[in-house]
Structure formats: C-alpha cells, structure tokens
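What follows is a single structure, written as structure tokens, with notes after it.
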2 protein chains.
Amino acid sequence: MKVEPRTLPGFMELLPNEQILFEQMKQKIEKTYQKFGFLPLDTPVLELSEILLAKAGGETEKQIYRFQKGDTDISMRFDLTVPLAKYVAKNYGNLSFPFRRYQIGKVYRGERAQKGRFREFYQCDIDIIGDEELDIINDAEIPSVIYNLIKEIGFNDFTICINNRRILNGLFENINQKENSVEIMRIIDKLEKIGQEAVIEELEKLQIGSKEINQIMSFIQIDGGTDEKIKKLEELNIQNEAFKTGVEELKEVVKYIRIFGVPDTHFKVDLTIARGLDYYTGTVYETFLNDYREIGSVCSGGRYENLAEYYTDKKLPGVGISIGLTRLFYKLNEMNLIETKKRSMADILIIPMLEDLSKPIELANALRQNGINTEIYLNNKKAKAKFKYADKLKIPYVIAIGEDEISSNKLNVKNMETGEETAVGFDVKEIINYIKK
Amino acid sequence: MKVEPRTLPGFMELLPNEQILFEQMKQKIEKTYQKFGFLPLDTPVLELSEILLAKAGGETEKQIYRFQKGDTDISMRFDLTVPLAKYVAKNYGNLSFPFRRYQIGKVYRGERAQKGRFREFYQCDIDIIGDEELDIINDAEIPSVIYNLIKEIGFNDFTICINNRRILNGLFENINQKENSVEIMRIIDKLEKIGQEAVIEELEKLQIGSKEINQIMSFIQIDGGTDEKIKKLEELNIQNEAFKTGVEELKEVVKYIRIFGVPDTHFKVDLTIARGLDYYTGTVYETFLNDYREIGSVCSGGRYENLAEYYTDKKLPGVGISIGLTRLFYKLNEMNLIETKKRSMADILIIPMLEDLSKPIELANALRQNGINTEIYLNNKKAKAKFKYADKLKIPYVIAIGEDEISSNKLNVKNMETGEETAVGFDVKEIINYIKK
C-alpha cells in the first residue's frame with residue numbers, strides 16, 4: 001500500500017523553474033537589506049509559548065501552531081517581530097545600538113485555507129532598534145530601502161504611502177474621542193476598501209457625534225501634493241501636543257526621504273493609512289504597485305515606541321518594515337509579472353556523445369573552476385533524450401561533445417534561446433568569452 | 001511582570017558577528033551546489049504525519065515534533081530526504097530526470113539536549129534522482145562536489161572516504177551471514193570508535209563463528225593505496241554476484257573521481273565505512289577533516305536503490321549527500337577554525353558630525369548605487385559614542401563628515417583594521433577606488 005504523496009493545504013511548494021524565480025526575488029531583497037548595512041539574524045522557528053504569546057491574543061492566538069513536547073509548551077513563530085523582541089531583550093548587553101537587523105524566514109499561521117492565503121510563508125523584515133531613543137531620521141531611511149528594493153525586484157510604478165499615527169491620535173484626542181482612537185483608525189484604514197459612506201456608518205455605530213465625524217472625514221480627505229497636505233495640516237491649527245509632534249515628525253521624515261533619494265513620484269503622504277495594528281505609534285508605511293493595487297500593500301511597517309516591553313524594562317523604540325514574500329510571489333507569478341529568462345542554475349550543459357567521458361568531464365571541471373555553473377549529462381541515453389533534457393531544463397548554452405569534436409579540437413556552443421550554434425576551440429577561455437558576450 | 005527572554009535549549013541563536021560567519025558558510029555551500037547545476041528546492045517544514053512517518057520508526061519516530069491541528073495530524077520534518085521523496089513522487093510528471101536538486105533548510109529532532117546537539121538544525125543536501133536507472137558515474141561526481149565544497153569553506157586537509165555496500169553485503173552473503181548483514185555493518189561502522197577487540201566481541205554476540213569473524217576482520221583490514229585495495233578485493237576471488245558488482249562499481253567510481261579532478265590525496269577507499277542507515281545500497285561516502293577527526297564526518301551520503309517506494313511504484317534510484325551545517329558550524333566556531341575578517345554587512349560606515357545630514361546621506365546614496373554596502377549613523381550622539389559604535393560593528397572603513405570636510409571638499413577614509421587614515425576627494429569614484437585597492 002502506497003501513501004498518496006501530497007502537501008498540506010496552504011503550504012507553498014514550487015516546481016524548479018518557479019523556485020528559481022522565488023530564490024531570485026528573495027536574494028534581491030536580501031541584497032538590498034545588506035546594501036543598507038543591516039545585519040543578518042536567524043532565530044528559531046520554535047519558541048516557548050510563554051515567550052511568543054506574552055502579548056498575543058484574539059485572532060493571532062487562535063491561528064498559532066502550538067503543542068506540547070514532553071513538559072514544554074511550544075509554539076511556532078507567527079511573525080519575526082516577537083522573536084526579535086525576545087532576542088534584543090535577551091542579548092541587550094551584547095548588541096550595538098542602533099541595532100539594525102534583517103531577517104528572512106518562514107512564519108506560521110493556521111489560517112483557514114483559501115487561494116492565495118498561506119499557512120507557512122516567508123517574511124522579510126528589517127528593523128532599526130534604538131536604546132532608549134531613536135532619531136526620527138531613521139524613519140526616513142526606511143522608505144529609501146523600500147524604494148531600492150521594489151526597483152530591484154523589477155517594478156518602477158509604485159507609491160510608498162506615509163502617515164504618522166500621532167497626527168491621528170492627536171486629532172481624536174482633540175475631539176474627545178481618545179478612547180475610541182484604535183477603533184476609529186481601524187475603520188479609517190478601510191476607507192479605500194469600503195468607501196466613504198460605509199466608514200461614516202461605522203463611525204456612527206461608535207456613537208460619535210456628527211460634528212466629530214465631519215471633522216474626522218474632512219481631515220482624512222485633506223488633498224493636494226505632499227507639501228500642500230502638510231501645510232493644510234498645520235493650518236488646521238489644532239492645539240494638541242500629539243498632533244503637533246506628529247506633523248513635525250511627518251515634515252522631518254518627508255524632508256529626509258527626499259535627501260535619501262526617493263523621488264516625489266514614488267512617495268506620498270496618505271492620511272488614511274493607520275495600519276491595522278495598535279502596535280505602531282508614529283510613522284507608518286504602506287507600499288502599492290500602482291497598476292496592481294488589488295494585491296494590497298506589498299511592504300508595510302512603521303515606528304513603535306517600545307519593542308520588548310514584555311521582556312525587559314529597557315525602553316527600545318524601533319522602526320521597521322515587513323514583506324510577505326510568499327503571498328507577493330504567488331500574486332506576481334499568477335499575474336505573470338516576474339518572468340525572467342533565467343530558469344536554470346547552470347549556465348552551460350555539457351552533453352557527452354561518446355563512450356569515454358574524460359574530455360567532457362575535464363571541460364566541466366575547468367568551466368567550474370572559472371566560475372561558470374556547469375552541468376554535465378551523465379546518463380547513457382539516446383541523443384534524443386539528452387537534448388530533450390537540455391530543452392526542458394532551459395540551460396542557456398549546450399555543448400555536445402563527440403569523437404568529432406575531440407579529434408578536430410573544435411566545439412559548437414549552442415545558444416538554446418536563439419538556436420544559434422557557434423564554433424569555438426576546445427578551450428575554456430574561448431567558451432567563457434563567447435558566453436559572456 | 002516581565003517574561004524572562006530565553007530561547008529553547010537545543011536551538012542555536014547567534015550574535016550578529018557569528019551569524020555573519022554562519023551565513024557566509026551557508027552561502028559557500030549553496031554556491032558550490034549551484035556551480036554543479038543543482039536546482040533549488042524548498043519544501044514545507046510541516047507535512048502530514050502519514051507522509052513523513054510512512055517509513056520512519058524506532059528512534060526517529062520518538063524524536064519527531066508531532067501535533068494535532070484541527071483534524072490534521074502534522075509533523076515537523078526531521079530530514080530533507082523524506083520530503084524530497086514525497087516531492088518527486090508527487091511531481092514526477094513535471095520533473096526532468098536525472099533530477100538534480102539542492103535544498104538547504106532547517107529540520108527538527110527533539111533529541112535529548114546536550115552540548116553540541118541541536119533540535120533545530122540546517123541540513124544542506126544534494127541528490128541526483130534517476131528515472132528507473134541512474135548511471136554509476138553520478139556516484140563519482142558527488143565526491144567532486146564535496147571536494148570543491150570543503151575547499152570553498154576553507155579547509156585543505158581532508159579525506160573523502162568511499163566504500164560500496166554491495167561489497168559488504170556480498171561478503172556476508174558469501175559467509176552465510178546475510179540475515180545479519182545490517183547488524184554486522186552497524187558494528188563494523190564503529191571500528192574506529194570502539195577498536196578491533198570490541199568489534200570482535202560484538203560480532204561474537206551475534207553467534208557468528210570464529211572462522212567467519214576472521215574473514216570479516218581480515219576483509220575490513222585490507223590496506224594499501226586505493227588501487228592496491230581494489231586489487232586485493234579482486235584477488236579475494238569471492239564468487240558472489242553482489243560482491244563482484246560492488247567491486248566493479250567501486251573501481252568505476254574511483255576511475256571517474258580522478259577524472260572529476262579529486263586528487264588521490266583527498267579521497268580513499270575505506271572498507272569499514274558502511275553508514276549507519278540501511279537506506280544505502282551501493283556507494284557510500286564520509287568526509288573527515290584530518291586534523292579534527294573528532295568532529296566526525298562533516299559530509300556523508302551514498303547511493304540508494306529507490307527513493308520514494310512508500311509513495312509511488314516508479315523506481316527512483318538516487319545518490320546524494322548531506323551536511324549537518326548547524327553542528328559543523330558550532331564545532332568549527334568553538335575550535336576557532338572559521339575566523340574571518342568580515343564581521344559586518346556594511347563596507348563603509350558614514351558618521352555625520354554636523355547638523356545638516358544632507359551631504360552625508362547623499363554620499364551614502366551614491367555609494368549604495370555603486371554597489372557598496374553602506375551604513376550611515378543616524379543618531380544624534382556624542383562623537384565618542386559614534387566611534388565606539390564603529391569599533392564594535394567592525395565595519396572595515398569609516399568616513400566621518402563634518403563642516404571641515406564639506407568646506408574643504410576632502411574626506412578621510414579610515415581603515416578600521418590598520419587605523420590608517422587616507423585623504424580622498426569628496427567623490428564616490430575616488431572612495432571606491434581606494435577601498436577596492
């Protein structure tokens with residue numbers, strides 16, 4: 001009796017050519033993070049439930065893969081932020097601050113399975129953690145990372161949307177709706193999805209007076225360019241500390257975003273963005289591919305007051321972003337937006353067409369020594385099967401070596417994309433020169 | 001009340017400078033696998049228990065992290081081979097054979113925690129899977145991968161030990177100990193660890209006659225160089241099919257290992273190597289760092305008859321190796337064998353010493369655009385704190401920028417290793433030329 005080979009629903013498992021695309025995207029993200037000097041971090045997938053769930057609750061807690069092993073109550077991580085908090089609290093004395101780390105790893109959420117939703121998915125995070133304090137200017141470097149990153153993965157038409165939660169909190173305080181602020185922000189956040197009327201309806205359900213609702217609505221509909229919006233915010237002349245600090249911060253962030261090289265075409269102030277979580281306290285980010293808004297934000301994050309309050313008395317403010325790579329890849333791949341030519345790890349496939357494999361193997365050795373990824377076909381099959389393999393693997397160049405090639409000391413390098421064959425000497429340097437051309 | 005921040009025992013979690021070393025080693029392994037044209041694969045950490053445990057039993061099964069989520073009986077993978085078997089059986093029609101894949105990923109075994117033993121660890125595997133058949137020559141390419149890989153991670157003095165299980169099986173068959181062969185191989189495998197006498201004792205416990213024990217002992221003590229050993233094996237003149245096939249295969253593998261460029265100084269035939277598992281059927285490999293034999297084999301594997309027999313009727317023979325990266329890294333790091341100079345992701349740290357950060361940020365932008373990993377210190381601290389940060393992070397070059405630098409249009413690039421400061425123009429090209437030198 002055989003067990004039917006199958007993969008759990010909600011777990012992505014790719015065929016090789018898609019896996020290559022995925023790896024390329026992952027690597028581009030990693031390279032960009034490294035370009036900004038972020039340090040790598042790798043924390044365990046498993047943690048004590050007591051650690052992981054110190055804060056969690058509600059929906060998050062229900063989704064967690066949690067189990068008992070021996071006497072130990074263990075959970076699988078559901079994001080990379082809680083493990084970071086534990087890590088920084090635990091290693092506080094051994095880290096240099098600001099601590100800038102990136103982490104790319106799988107996280108787990110036992111959500112209801114549906115198309116495009118994953119239970120195991122990669123998050124690609126960066127965070128900058130300060131010791132007691134962290135200058136607002138760090139909030140302006142993050143969009144510069146996003147800008148470089150989205151360009152690197154091949155998109156040009158995108159917008160980084162920026163807001164500051166202090167502005168919203170200050171506004172709500174000013175209209176005596178402080179206790180409702182988390183709830184109001186949750187509703188505002190849905191503006192684009194559900195529309196203006198539904199937002200008003202939901203606000204009414206909170207027993208907010210119509211005057212206050214009007215103030216909220218006119219606030220979130222402030223329009224114009226980036227500087228215009230900031231000017232209008234200042235002109236509201238709201239005498240509230242949080243509000244004023246928020247506007248000042250936003251102004252500073254905008255100023256430095258430009259210095260960090262993000263053009264005005266690629267970012268904007270969006271006062272409706274609040275991020276669902278009550279975790280963020282200042283700057284917040286979302287990033288949209290303008291032609292594919294339906295994908296949702298491809299890169300989000302923000303500033304938080306205190307990373308690790310559940311584990312330490314040290315105040316550790318930070319700012320960071322996260323990319324849900326698995327879902328992003330799935331969406332882009334589904335829409336055929338990330339085709340590349342490279343569908344193979346090897347640059348050259350050598351196909352021996354003779355009994356004695358010495359010469360073909362020696363050529364493979366030499367190519368590898370010169371940094372060329374080289375595969376050699378080692379099975380004793382008919383020529384047709386060998387070339388079919390070459391076709392399917394999409395290795396860019398193929399060199400078949402038979403007795404003729406050895407006696408004439410000449411090779412044909414076949415460009416598999418164009419079908420073109422080019423004669424070169426039986427010589428590594430010549431082959432490399434040709435394919436590098 | 002704070003929760004004490006701590007990590008589960010048996011789970012490796014590194015500080016940034018060690019993490020950088022770890023990432024470098026992982027990347028070198030990956031690059032080597034890619035150089036031989038192996039395709040990337042990434043399978044889920046979680047699988048149906050029914051799938052993962054189709055074969056397992058005994059010790060393995062006890063160690064597994066297994067739990068129920070809803071109605072689903074789930075296990076965490078304990079190696080990368082079983083998921084590969086599932087994958088190949090599941091995607092048989094969509095793969096090209098021989099299917100050559102690498103996978104680097106975490107696996108989980110709830111072993112008793114002890115120093116140097118990990119419950120979560122990286123395995124770095126390659127396998128070549130044939131459809132119905134796979135030429136023996138593939139068994140000779142694998143040591144060439146090992147050779148390149150160990151060199152790449154920085155060791156020169158190592159030995160790849162090779163044997164063929166058919167030879168052992170044939171021998172046992174020939175002395176009527178076929179039913180004991182797995183058990184005998186398990187004992188032989190311990191020769192080096194427990195010594196000759198203990199091996200004999202253990203064999204006696206199996207009720208093997210002294211004549212047969214003598215034959216086993218004189219067999220596994222065949223000595224001499226590689227070709228000498230093969231010659232002595234042939235001269236034993238054992239009239240057993242398995243034995244003869246095994247010797248033939250070994251001879252072929254040795255012949256091609258040399259053609260694949262592995263020098264005789266770096267491999268040998270070792271007739272005592274059997275690999276603990278009954279999984280392997282032909283060629284087997286172990287690899288030892290000669291000066292650090294106590295680490296054990298750093299890279300092991302072999303040939304198997306049928307990868308996925310629990311999931312499919314297709315016969316899928318293969319050959320592969322695995323590196324237990326986490327343990328290997330732990331051991332090498334503990335012995336201070338993998339020091340490198342690179343302890344930071346950034347090549348340059350820019351330290352602004354003035355109010356207006358525009359010029360320092362613009363320089364950072366330009367360096368990054370030119371492919372130089374650059375960090376800029378963005379907190380408003382005293383000069384001393386800024387330079388302390390630079391020291392601790394071990395970023396190779398530091399450029400401090402104050403009013404003087406801007407007005408004079410000159411910079412000092414400080415080499416943090418030598419302490420030497422060099423004056424260059426306020427110019428990206430000049431800086432890059434200097435640090436690349």
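Chains: A, B, ... in order of the structure tokens. Residues: from 1 per chain. Ligands: from 1, in order shown.
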Practice prompt. Name the residues in contact with Glu47 in chain A at a cut-off of 10 Å, using only C-alpha atoms, excluding same-chain residues fewer than 2 positions from it; report them as a PyMOL selection string.
Written response: (chain A and resi 43-45+49-53+66+72-77+83+86) or (chain B and resi 6-9+11)
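For chain A, the residues within 6 Å of chain B are Lys2, Val3, Glu4, Pro5, Glu13, Gln34, Lys35, Phe36, Gly37, Leu39, Thr43, Lys86, Lys90, Asp135, Tyr310, Tyr311, Met345, Ala346, Asn373, Thr374, Glu375 and Asn379 of chain A, with only C-alpha atoms used to measure distance.
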Could you save those same residues with N, CA and C atoms as a CSV table (one decimal), in the first residue's frame?
chain,number,residue,atom,x,y,z
A,2,LYS,N,0.6,2.1,-1.0
A,2,LYS,CA,1.4,3.4,-1.0
A,2,LYS,C,0.6,4.5,-0.3
A,3,VAL,N,1.3,5.4,0.3
A,3,VAL,CA,0.7,6.6,0.8
A,3,VAL,C,0.7,7.7,-0.3
A,4,GLU,N,-0.5,8.3,-0.5
A,4,GLU,CA,-0.6,9.3,-1.6
A,4,GLU,C,0.3,10.5,-1.3
A,5,PRO,N,1.3,10.8,-2.2
A,5,PRO,CA,2.2,11.9,-1.9
A,5,PRO,C,1.4,13.2,-2.1
A,13,GLU,N,4.7,25.0,-2.4
A,13,GLU,CA,5.7,24.1,-2.8
A,13,GLU,C,5.8,24.3,-4.3
A,34,GLN,N,21.2,44.2,2.8
A,34,GLN,CA,22.6,44.3,3.1
A,34,GLN,C,23.3,45.5,2.6
A,35,LYS,N,22.7,46.1,1.5
A,35,LYS,CA,23.3,47.3,0.9
A,35,LYS,C,23.2,48.4,1.9
A,36,PHE,N,22.2,48.4,2.8
A,36,PHE,CA,22.0,49.4,3.8
A,36,PHE,C,22.6,49.0,5.1
A,37,GLY,N,23.4,47.9,5.1
A,37,GLY,CA,24.2,47.6,6.3
A,37,GLY,C,23.4,46.9,7.4
A,39,LEU,N,22.2,43.8,9.6
A,39,LEU,CA,22.9,42.6,9.9
A,39,LEU,C,22.0,41.4,9.9
A,43,THR,N,16.5,33.4,14.0
A,43,THR,CA,16.0,32.9,15.2
A,43,THR,C,15.3,31.6,15.0
A,86,LYS,N,12.3,39.3,21.8
A,86,LYS,CA,13.0,38.4,22.7
A,86,LYS,C,14.5,38.5,22.6
A,90,LYS,N,17.1,39.7,25.4
A,90,LYS,CA,18.0,38.6,25.9
A,90,LYS,C,19.5,39.0,25.7
A,135,ASP,N,16.5,58.4,16.6
A,135,ASP,CA,16.2,59.7,15.9
A,135,ASP,C,15.1,59.4,14.8
A,310,TYR,N,7.4,43.4,27.0
A,310,TYR,CA,7.0,42.2,27.8
A,310,TYR,C,8.2,41.4,28.4
A,311,TYR,N,9.4,41.8,27.9
A,311,TYR,CA,10.6,41.0,28.4
A,311,TYR,C,11.6,41.8,29.2
A,345,MET,N,19.9,26.8,-12.9
A,345,MET,CA,21.1,27.3,-12.1
A,345,MET,C,22.4,27.2,-13.0
A,346,ALA,N,22.4,26.3,-13.9
A,346,ALA,CA,23.6,26.1,-14.7
A,346,ALA,C,23.6,27.0,-15.9
A,373,ASN,N,28.8,28.1,-13.7
A,373,ASN,CA,27.9,27.0,-13.3
A,373,ASN,C,27.7,26.0,-14.4
A,374,THR,N,28.2,24.8,-14.2
A,374,THR,CA,28.2,23.8,-15.3
A,374,THR,C,27.6,22.5,-14.9
A,375,GLU,N,26.7,22.0,-15.7
A,375,GLU,CA,26.2,20.7,-15.5
A,375,GLU,C,26.6,19.8,-16.6
A,379,ASN,N,24.0,10.4,-17.9
A,379,ASN,CA,23.4,9.1,-18.2
A,379,ASN,C,23.5,8.7,-19.6
Discussion item. DSSP on the backbone: which residues in range 203-408 of chain B end up as strand (DSSP E)? Give the answer as a ChimeraX atom specification.
Written reply: /B:267-269,283-289,300-304,318-324,348-352,374-376,397-401
Those same residues, written as a compact mmCIF listing (two decimals), in the first residue's frame with N, CA and C atoms?
# COMPACT_ATOMS: atom_id res chain seq x y z
N PHE B 267 41.02 11.58 -1.36
CA PHE B 267 39.99 10.55 -1.19
C PHE B 267 40.66 9.21 -0.97
N LYS B 268 39.94 8.30 -0.36
CA LYS B 268 40.48 6.95 -0.23
C LYS B 268 39.34 5.95 -0.12
N VAL B 269 39.65 4.70 -0.48
CA VAL B 269 38.69 3.62 -0.27
C VAL B 269 38.82 3.19 1.18
N THR B 283 27.37 2.80 -3.37
CA THR B 283 28.42 3.71 -2.93
C THR B 283 28.01 4.44 -1.65
N VAL B 284 28.95 4.55 -0.72
CA VAL B 284 28.72 5.39 0.46
C VAL B 284 29.93 6.30 0.67
N TYR B 285 29.64 7.48 1.24
CA TYR B 285 30.69 8.48 1.47
C TYR B 285 30.69 8.97 2.91
N GLU B 286 31.89 9.24 3.40
CA GLU B 286 32.04 10.05 4.60
C GLU B 286 33.24 10.97 4.37
N THR B 287 33.25 12.10 5.05
CA THR B 287 34.32 13.07 4.83
C THR B 287 34.85 13.55 6.17
N PHE B 288 36.17 13.47 6.32
CA PHE B 288 36.78 13.86 7.59
C PHE B 288 37.81 14.96 7.40
N LEU B 289 37.79 15.93 8.31
CA LEU B 289 38.89 16.89 8.38
C LEU B 289 40.01 16.18 9.12
N SER B 300 28.28 13.38 4.49
CA SER B 300 28.09 11.95 4.28
C SER B 300 26.92 11.70 3.34
N GLY B 301 26.91 10.50 2.79
CA GLY B 301 25.79 10.16 1.92
C GLY B 301 26.03 8.87 1.20
N GLY B 302 25.33 8.70 0.10
CA GLY B 302 25.50 7.48 -0.66
C GLY B 302 24.42 7.25 -1.69
N ARG B 303 24.48 6.07 -2.24
CA ARG B 303 23.57 5.64 -3.31
C ARG B 303 22.44 4.82 -2.72
N TYR B 304 21.23 5.07 -3.18
CA TYR B 304 20.09 4.27 -2.73
C TYR B 304 19.31 3.78 -3.94
N GLY B 318 18.83 6.91 -6.60
CA GLY B 318 19.47 8.21 -6.42
C GLY B 318 20.78 8.12 -5.68
N VAL B 319 21.47 9.23 -5.69
CA VAL B 319 22.71 9.34 -4.91
C VAL B 319 22.77 10.76 -4.36
N GLY B 320 23.21 10.88 -3.11
CA GLY B 320 23.20 12.21 -2.52
C GLY B 320 24.08 12.31 -1.29
N ILE B 321 24.22 13.53 -0.83
CA ILE B 321 24.95 13.79 0.40
C ILE B 321 24.23 14.82 1.25
N SER B 322 24.61 14.90 2.50
CA SER B 322 24.03 15.86 3.41
C SER B 322 25.12 16.42 4.32
N ILE B 323 25.00 17.71 4.59
CA ILE B 323 25.89 18.34 5.56
C ILE B 323 25.03 18.84 6.71
N GLY B 324 25.37 18.46 7.93
CA GLY B 324 24.67 18.99 9.10
C GLY B 324 25.33 20.31 9.47
N ILE B 348 31.30 50.29 4.36
CA ILE B 348 31.63 51.64 4.83
C ILE B 348 30.58 52.12 5.82
N LEU B 349 31.04 52.76 6.88
CA LEU B 349 30.14 53.47 7.78
C LEU B 349 30.41 54.97 7.66
N ILE B 350 29.36 55.70 7.38
CA ILE B 350 29.49 57.15 7.32
C ILE B 350 29.00 57.74 8.63
N ILE B 351 29.83 58.56 9.26
CA ILE B 351 29.45 59.19 10.52
C ILE B 351 29.31 60.70 10.32
N PRO B 352 28.08 61.19 10.34
CA PRO B 352 27.89 62.63 10.20
C PRO B 352 28.29 63.32 11.51
N THR B 374 26.60 50.26 2.43
CA THR B 374 26.95 51.44 3.20
C THR B 374 25.94 51.68 4.32
N GLU B 375 26.46 51.92 5.50
CA GLU B 375 25.59 52.30 6.60
C GLU B 375 25.89 53.74 6.97
N ILE B 376 24.84 54.45 7.37
CA ILE B 376 25.07 55.81 7.85
C ILE B 376 24.54 55.90 9.27
N TYR B 397 35.64 50.25 6.85
CA TYR B 397 36.04 51.64 6.60
C TYR B 397 35.05 52.61 7.21
N VAL B 398 35.58 53.68 7.79
CA VAL B 398 34.73 54.70 8.39
C VAL B 398 35.08 56.06 7.79
N ILE B 399 34.04 56.80 7.42
CA ILE B 399 34.25 58.17 6.93
C ILE B 399 33.44 59.11 7.81
N ALA B 400 34.12 59.98 8.56
CA ALA B 400 33.41 60.99 9.36
C ALA B 400 33.30 62.26 8.53
N ILE B 401 32.12 62.84 8.53
CA ILE B 401 31.90 64.05 7.72
C ILE B 401 31.41 65.19 8.61
Worksheet entry | Backbone-only DSSP, helix (DSSP H, G or I) members of range 35-278 of chain A, as a PyMOL selection string | chain A and resi 35+49-52+58-63+81-90+92-94+138-152+165-174+178-188+191-194+196-205+210-220+226-235+241-259+264-266
C-alpha atoms of the current selection, written as a compact mmCIF listing (two decimals), in the first residue's frame:
# COMPACT_ATOMS: atom_id res chain seq x y z
CA LYS A 35 23.30 47.29 0.93
CA SER A 49 4.62 29.61 24.14
CA GLU A 50 5.10 31.81 27.18
CA ILE A 51 7.51 33.95 25.15
CA LEU A 52 5.61 34.06 21.87
CA GLY A 58 -7.57 37.14 19.91
CA GLU A 59 -7.19 36.14 16.29
CA THR A 60 -3.42 35.70 16.36
CA GLU A 61 -3.54 33.29 19.27
CA LYS A 62 -6.16 31.11 17.61
CA GLN A 63 -4.03 30.73 14.50
CA THR A 81 8.91 40.75 15.41
CA VAL A 82 8.17 38.88 18.64
CA PRO A 83 11.31 36.72 18.25
CA LEU A 84 13.27 39.94 17.59
CA ALA A 85 11.89 41.47 20.78
CA LYS A 86 12.97 38.40 22.75
CA TYR A 87 16.37 38.40 21.06
CA VAL A 88 17.11 42.05 21.76
CA ALA A 89 15.95 41.81 25.37
CA LYS A 90 17.99 38.65 25.88
CA TYR A 92 20.87 43.57 25.14
CA GLY A 93 24.37 43.76 26.61
CA ASN A 94 25.99 42.19 23.56
CA ASN A 138 15.71 56.68 10.80
CA ASP A 139 12.05 56.78 9.77
CA ALA A 140 13.18 58.49 6.56
CA GLU A 141 15.81 55.90 5.69
CA ILE A 142 13.26 53.08 5.64
CA PRO A 143 11.37 54.40 2.55
CA SER A 144 14.72 54.62 0.82
CA VAL A 145 15.19 50.89 1.47
CA ILE A 146 11.68 50.22 0.13
CA TYR A 147 12.35 52.34 -2.95
CA ASN A 148 15.58 50.50 -3.79
CA LEU A 149 14.02 47.15 -3.04
CA ILE A 150 10.92 47.43 -5.22
CA LYS A 151 13.05 48.78 -8.08
CA GLU A 152 15.43 45.87 -7.61
CA ARG A 165 -0.22 57.93 13.90
CA ARG A 166 0.41 60.76 16.35
CA ILE A 167 -1.47 63.04 13.96
CA LEU A 168 -4.47 60.77 14.06
CA ASN A 169 -4.25 60.17 17.80
CA GLY A 170 -3.89 63.92 18.41
CA LEU A 171 -6.90 64.65 16.28
CA PHE A 172 -9.04 62.15 18.15
CA GLU A 173 -7.85 63.47 21.48
CA ASN A 174 -8.76 66.95 20.31
CA LYS A 178 -9.27 59.31 22.51
CA GLU A 179 -10.76 56.14 23.96
CA ASN A 180 -12.17 55.31 20.52
CA SER A 181 -8.97 56.05 18.61
CA VAL A 182 -7.85 52.48 17.96
CA GLU A 183 -11.33 51.64 16.79
CA ILE A 184 -11.60 54.76 14.62
CA MET A 185 -8.25 54.07 12.99
CA ARG A 186 -9.33 50.54 12.22
CA ILE A 187 -12.35 51.99 10.43
CA ILE A 188 -10.40 54.72 8.61
CA LEU A 191 -11.73 53.75 3.61
CA GLU A 192 -10.43 52.60 0.28
CA LYS A 193 -11.93 49.15 0.62
CA ILE A 194 -15.45 50.01 1.79
CA GLN A 196 -16.80 56.89 2.48
CA GLU A 197 -20.41 56.12 3.36
CA ALA A 198 -19.67 52.81 4.98
CA VAL A 199 -16.92 54.48 7.01
CA ILE A 200 -19.38 57.11 8.27
CA GLU A 201 -21.88 54.40 9.12
CA GLU A 202 -19.30 52.50 11.12
CA LEU A 203 -18.25 55.66 12.94
CA GLU A 204 -21.87 56.36 13.80
CA LYS A 205 -22.10 52.91 15.36
CA SER A 210 -21.99 64.09 13.57
CA LYS A 211 -19.85 67.17 14.17
CA GLU A 212 -16.91 64.98 15.21
CA ILE A 213 -17.50 62.63 12.31
CA ASN A 214 -17.40 65.59 9.97
CA GLN A 215 -14.10 66.66 11.46
CA ILE A 216 -12.66 63.19 11.00
CA MET A 217 -13.89 62.98 7.43
CA SER A 218 -12.66 66.41 6.40
CA PHE A 219 -9.33 65.61 7.98
CA ILE A 220 -8.76 62.35 6.15
CA THR A 226 2.92 66.27 -0.16
CA ASP A 227 3.92 69.76 0.94
CA GLU A 228 0.39 71.07 0.41
CA LYS A 229 -1.01 68.39 2.69
CA ILE A 230 1.48 69.21 5.41
CA LYS A 231 0.67 72.89 5.07
CA LYS A 232 -3.07 72.16 5.38
CA LEU A 233 -2.40 70.04 8.45
CA GLU A 234 -0.56 72.94 10.06
CA GLU A 235 -3.33 75.33 9.07
CA GLU A 241 0.67 68.15 21.59
CA ALA A 242 0.46 64.74 19.92
CA PHE A 243 -0.97 66.26 16.75
CA LYS A 244 1.72 68.92 16.58
CA THR A 245 4.52 66.45 17.24
CA GLY A 246 3.09 64.16 14.58
CA VAL A 247 3.02 66.92 11.97
CA GLU A 248 6.56 67.96 12.88
CA GLU A 249 7.75 64.36 12.56
CA LEU A 250 6.00 63.90 9.25
CA LYS A 251 7.57 67.09 7.95
CA GLU A 252 11.02 65.94 9.03
CA VAL A 253 10.51 62.48 7.52
CA VAL A 254 9.37 63.99 4.21
CA LYS A 255 12.35 66.33 4.15
CA TYR A 256 14.80 63.49 4.64
CA ILE A 257 13.05 60.99 2.39
CA ARG A 258 13.90 63.35 -0.44
CA ILE A 259 17.51 63.63 0.67
CA ASP A 264 8.31 62.68 -5.18
CA THR A 265 6.82 60.44 -7.87
CA HIS A 266 7.32 57.44 -5.60
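Across the structure, CA of Gly224 in chain B and CA of Lys190 in chain B are spaced 20.7 Å apart.
One distance worth recording is that between CA of Pro396 in chain A and CA of Glu355 in chain A, which is 25.1 Å.
One distance worth recording is that between CA of Ile104 in chain A and CA of Tyr122 in chain A, which is 6.6 Å.
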